[in-house]
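Report on the structure given below.
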Amino acid sequence: MSFMACFTLLVATILASMHSYRTAEADLTRDLDQALMLTMEMKTADYIMPDTVRTYRSFIKTPLLRQSATLSYCLPDEKRSTLCSRKVLLRHGEIRYYLRGYANCSMATVLGLSDQRLPMMLSLLTVLSFLLACSPLTRKRKDINLFIAKPQPLASPICVTPQSKANCADVQSIGGLDYLADSHDFYFYGKEVHFTPMQRQLMELFYQSNSHTLTKQEICDTLWPRKVDPSETLYTLIKRLKQTLTDNGCQLQITSDRGRAYRLGVRN
């Protein structure tokens, strides 16, 4: 997971949260408008009294708004700068004045009333994606992908036949699997065998050993010198190396001496 994907999820989280906030704000405004219309239908006096405010609050459906909402006069050209209802025109003889309902609540209250389930899920995915992008395992996988390059043609002839082997130096063969020390490549009867970097290092250790036998301690000290107990890692490496040899048709096998040593030999 790349950092660009984390940034995309972060932007999606912010947009989803803003949309939920605006939706809740619009719902609260409609609630204030409806409560004001119902209050005006029951209003008998031409001015606001405490009973008018109590009546107005009783018509509000949102419980949190009932505790703080109020009525107030406003100017004809007053614009909405806070959460409030639309203006209602009142007349007293020749006098005209406007009335409006106000929520008197903070942005945090509106945010708490909004549906933030989708933004919460997106924010959780953002955090998990960021942790995954920063994890050592992901960086190690990227380093391995950069390390493994496409095989380049060799300037010298490849030793794949008995006749050509005589013309090549530093070539070792076990069970038909040739190892070219100069290029660190392996060929099985003319076909290159591709190992992972760790598998290749282990195969080179087997070929460099006169008896093709390595102790567990020798392998661990060479491949994982700083690891306290790489036994499980070694077991996994041996298992996958065996599978790679089998998949490429190599007649080789790796045998274990009670987990204390490993030997590379020809399959019976």
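Within each chain, counting starts at residue 1; across the structure tokens, chains are named A, B, ... in the order shown, with ligands numbered 1 upward in that order.
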- Would you list the contacts of range 179-194 of chain A as a list in words, taking every protein, DNA or RNA residue within 7 Å and counting only C-alpha atoms, but skipping same-chain residues closer than 6 positions in sequence? Val160, Asp170, Val171, Gln172, Ser173, Asn248 and Cys250 of chain A
- as an MDAnalysis selection string, list the residues of range 13-262 of chain A assigned to strand (DSSP E) by DSSP on the backbone atoms of this structure. chainID A and resid 70:74 88:92 95:102 171:174 177:180 185:188 191:192 213:215 252:256 261:262
- Which neighbours of Thr233 in chain A fall inside 10 Å, counting only C-alpha atoms, when residues of the same chain fewer than 6 positions from it are skipped, and could you give them as a PyMOL selection string? chain A and resi 220+224+227+239
- Message: Write out as a PyMOL selection string the set of residues from range 55-241 of chain A that DSSP, computed on the backbone, places in alpha helix (DSSP H).
- Response: chain A and resi 55-58+63-68+107-113+117-134+136-147+162-165+197-208+216-223+231-241
Those same residues, written as a PDB file, in the first residue's frame with C-alpha atoms?
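result.pdb was written with the following content:
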```
ATOM      1  CA  THR A  55     -44.016  26.289  22.774  1.00  0.00           C
ATOM      2  CA  TYR A  56     -41.357  26.671  20.112  1.00  0.00           C
ATOM      3  CA  ARG A  57     -39.048  24.245  21.885  1.00  0.00           C
ATOM      4  CA  SER A  58     -41.823  21.694  22.327  1.00  0.00           C
ATOM      5  CA  PRO A  63     -33.803  16.548  21.856  1.00  0.00           C
ATOM      6  CA  LEU A  64     -30.499  18.448  22.043  1.00  0.00           C
ATOM      7  CA  LEU A  65     -31.996  21.494  20.327  1.00  0.00           C
ATOM      8  CA  ARG A  66     -34.955  21.672  22.731  1.00  0.00           C
ATOM      9  CA  GLN A  67     -32.590  22.642  25.548  1.00  0.00           C
ATOM     10  CA  SER A  68     -30.863  25.516  23.760  1.00  0.00           C
ATOM     11  CA  MET A 107     -20.312  22.866  15.657  1.00  0.00           C
ATOM     12  CA  ALA A 108     -19.332  19.954  17.902  1.00  0.00           C
ATOM     13  CA  THR A 109     -23.015  19.388  18.707  1.00  0.00           C
ATOM     14  CA  VAL A 110     -23.925  19.306  15.016  1.00  0.00           C
ATOM     15  CA  LEU A 111     -21.002  16.983  14.338  1.00  0.00           C
ATOM     16  CA  GLY A 112     -22.178  14.682  17.119  1.00  0.00           C
ATOM     17  CA  LEU A 113     -25.671  14.576  15.602  1.00  0.00           C
ATOM     18  CA  ARG A 117     -20.017   5.921  10.500  1.00  0.00           C
ATOM     19  CA  LEU A 118     -18.636   6.024   6.962  1.00  0.00           C
ATOM     20  CA  PRO A 119     -15.950   8.621   7.809  1.00  0.00           C
ATOM     21  CA  MET A 120     -14.934   6.531  10.833  1.00  0.00           C
ATOM     22  CA  MET A 121     -14.526   3.438   8.651  1.00  0.00           C
ATOM     23  CA  LEU A 122     -12.503   5.397   6.113  1.00  0.00           C
ATOM     24  CA  SER A 123     -10.310   6.898   8.840  1.00  0.00           C
ATOM     25  CA  LEU A 124      -9.632   3.409  10.208  1.00  0.00           C
ATOM     26  CA  LEU A 125      -8.649   2.217   6.729  1.00  0.00           C
ATOM     27  CA  THR A 126      -6.399   5.265   6.396  1.00  0.00           C
ATOM     28  CA  VAL A 127      -4.567   4.453   9.631  1.00  0.00           C
ATOM     29  CA  LEU A 128      -4.177   0.780   8.721  1.00  0.00           C
ATOM     30  CA  SER A 129      -2.940   1.669   5.235  1.00  0.00           C
ATOM     31  CA  PHE A 130      -0.411   4.115   6.658  1.00  0.00           C
ATOM     32  CA  LEU A 131       0.889   1.527   9.140  1.00  0.00           C
ATOM     33  CA  LEU A 132       1.136  -1.048   6.360  1.00  0.00           C
ATOM     34  CA  ALA A 133       3.002   1.390   4.104  1.00  0.00           C
ATOM     35  CA  CYS A 134       5.457   2.148   6.926  1.00  0.00           C
ATOM     36  CA  PRO A 136       9.437  -2.972   7.625  1.00  0.00           C
ATOM     37  CA  LEU A 137       7.926  -5.984   5.822  1.00  0.00           C
ATOM     38  CA  THR A 138       6.544  -3.790   3.029  1.00  0.00           C
ATOM     39  CA  ARG A 139       9.817  -1.907   2.632  1.00  0.00           C
ATOM     40  CA  LYS A 140      11.744  -5.178   2.602  1.00  0.00           C
ATOM     41  CA  ARG A 141       9.493  -6.563  -0.137  1.00  0.00           C
ATOM     42  CA  LYS A 142      10.087  -3.440  -2.216  1.00  0.00           C
ATOM     43  CA  ASP A 143      13.853  -3.778  -1.726  1.00  0.00           C
ATOM     44  CA  ILE A 144      13.723  -7.406  -2.871  1.00  0.00           C
ATOM     45  CA  ASN A 145      11.736  -6.455  -5.973  1.00  0.00           C
ATOM     46  CA  LEU A 146      14.358  -3.838  -6.798  1.00  0.00           C
ATOM     47  CA  PHE A 147      17.148  -6.313  -6.157  1.00  0.00           C
ATOM     48  CA  PRO A 162      29.321 -31.610 -21.517  1.00  0.00           C
ATOM     49  CA  GLN A 163      31.316 -30.269 -24.483  1.00  0.00           C
ATOM     50  CA  SER A 164      30.968 -26.610 -23.500  1.00  0.00           C
ATOM     51  CA  LYS A 165      31.636 -27.206 -19.822  1.00  0.00           C
ATOM     52  CA  PRO A 197      18.023 -13.976  -3.259  1.00  0.00           C
ATOM     53  CA  MET A 198      17.973 -15.919   0.024  1.00  0.00           C
ATOM     54  CA  GLN A 199      17.528 -19.271  -1.758  1.00  0.00           C
ATOM     55  CA  ARG A 200      20.418 -18.425  -4.081  1.00  0.00           C
ATOM     56  CA  GLN A 201      22.724 -17.667  -1.130  1.00  0.00           C
ATOM     57  CA  LEU A 202      21.860 -20.982   0.504  1.00  0.00           C
ATOM     58  CA  MET A 203      22.425 -22.909  -2.744  1.00  0.00           C
ATOM     59  CA  GLU A 204      25.810 -21.222  -3.174  1.00  0.00           C
ATOM     60  CA  LEU A 205      26.752 -22.310   0.367  1.00  0.00           C
ATOM     61  CA  PHE A 206      25.848 -25.911  -0.488  1.00  0.00           C
ATOM     62  CA  TYR A 207      27.924 -25.803  -3.675  1.00  0.00           C
ATOM     63  CA  GLN A 208      30.907 -24.189  -1.924  1.00  0.00           C
ATOM     64  CA  LYS A 216      22.403 -25.358  11.040  1.00  0.00           C
ATOM     65  CA  GLN A 217      24.761 -22.986  12.855  1.00  0.00           C
ATOM     66  CA  GLU A 218      26.796 -22.313   9.688  1.00  0.00           C
ATOM     67  CA  ILE A 219      23.681 -21.392   7.729  1.00  0.00           C
ATOM     68  CA  CYS A 220      22.240 -19.160  10.455  1.00  0.00           C
ATOM     69  CA  ASP A 221      25.536 -17.360  11.075  1.00  0.00           C
ATOM     70  CA  THR A 222      25.912 -16.616   7.350  1.00  0.00           C
ATOM     71  CA  LEU A 223      22.353 -15.677   6.397  1.00  0.00           C
ATOM     72  CA  SER A 231      15.214 -21.590  13.358  1.00  0.00           C
ATOM     73  CA  GLU A 232      11.690 -20.960  12.067  1.00  0.00           C
ATOM     74  CA  THR A 233      13.006 -18.774   9.247  1.00  0.00           C
ATOM     75  CA  LEU A 234      15.500 -21.476   8.250  1.00  0.00           C
ATOM     76  CA  TYR A 235      12.773 -24.124   8.250  1.00  0.00           C
ATOM     77  CA  THR A 236      10.614 -21.994   5.933  1.00  0.00           C
ATOM     78  CA  LEU A 237      13.566 -21.266   3.628  1.00  0.00           C
ATOM     79  CA  ILE A 238      14.470 -24.977   3.310  1.00  0.00           C
ATOM     80  CA  LYS A 239      10.826 -25.882   2.631  1.00  0.00           C
ATOM     81  CA  ARG A 240      10.449 -23.319  -0.153  1.00  0.00           C
ATOM     82  CA  LEU A 241      13.838 -24.175  -1.656  1.00  0.00           C
TER      83      LEU A 241
END
```
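Between CA of Arg91 in chain A and CA of Cys74 in chain A there is a distance of 13.7 Å.
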- Nearby residues (only C-alpha atoms) at most 9 Å from range 93-97 of chain A, same-chain spacing under 6 positions excluded, as a PyMOL selection string: chain A and resi 73-76
- Item | Contacts of Val53 in chain A within 10 Å, only C-alpha atoms, excl. fewer than 6 positions in-chain, as a ChimeraX atom specification | /A:36,39,66,69-72,101
Mind writing the picked residues with C-alpha atoms as a compact mmCIF listing (two decimals), in the first residue's frame?
```txt
# COMPACT_ATOMS: atom_id res chain seq x y z
CA LEU A 36 -41.34 28.02 14.00
CA THR A 39 -45.46 28.13 16.85
CA ARG A 66 -34.95 21.67 22.73
CA ALA A 69 -33.09 26.76 20.92
CA THR A 70 -34.68 30.18 21.29
CA LEU A 71 -36.63 32.83 19.39
CA SER A 72 -35.36 36.29 18.61
CA GLY A 101 -35.46 30.65 15.58
```
- Counting only C-alpha atoms, the residue among A:Ala24, A:Leu177, A:Leu15, A:Leu9 that lies closest to Asp115 in chain A is A:Ala24
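Across A:Gln116, A:Ser135, A:Thr255, A:Thr215, the tightest approach to Tyr21 in chain A is made by A:Gln116 when counting only C-alpha atoms.
Between CA of Thr213 in chain A and CA of Gly249 in chain A lies a distance of 21.6 Å.
Proximity to Ser114 in chain A was assessed for A:Ser20, A:Ser85, A:Thr62, A:Thr52 counting only C-alpha atoms; the smallest distance is recorded for A:Ser20.
Residues lying within 7 Å of Lys87 in chain A, counting only C-alpha atoms and ignoring same-chain neighbours fewer than 4 positions away, are Tyr98, Leu99 and Arg100 of chain A.
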Could those selected residues go to a file with C-alpha atoms, as a short mmCIF file (atom, residue, chain, number, x, y, z; two decimals), in the first residue's frame?
```cif
data_model
loop_
_atom_site.label_atom_id
_atom_site.label_comp_id
_atom_site.auth_asym_id
_atom_site.auth_seq_id
_atom_site.Cartn_x
_atom_site.Cartn_y
_atom_site.Cartn_z
CA TYR A 98 -39.10 39.68 11.63
CA LEU A 99 -38.77 36.67 13.89
CA ARG A 100 -36.29 33.80 13.62
#
```
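CA of Thr29 in chain A to CA of Thr82 in chain A spans 10.3 Å [interatomic distance, one decimal].
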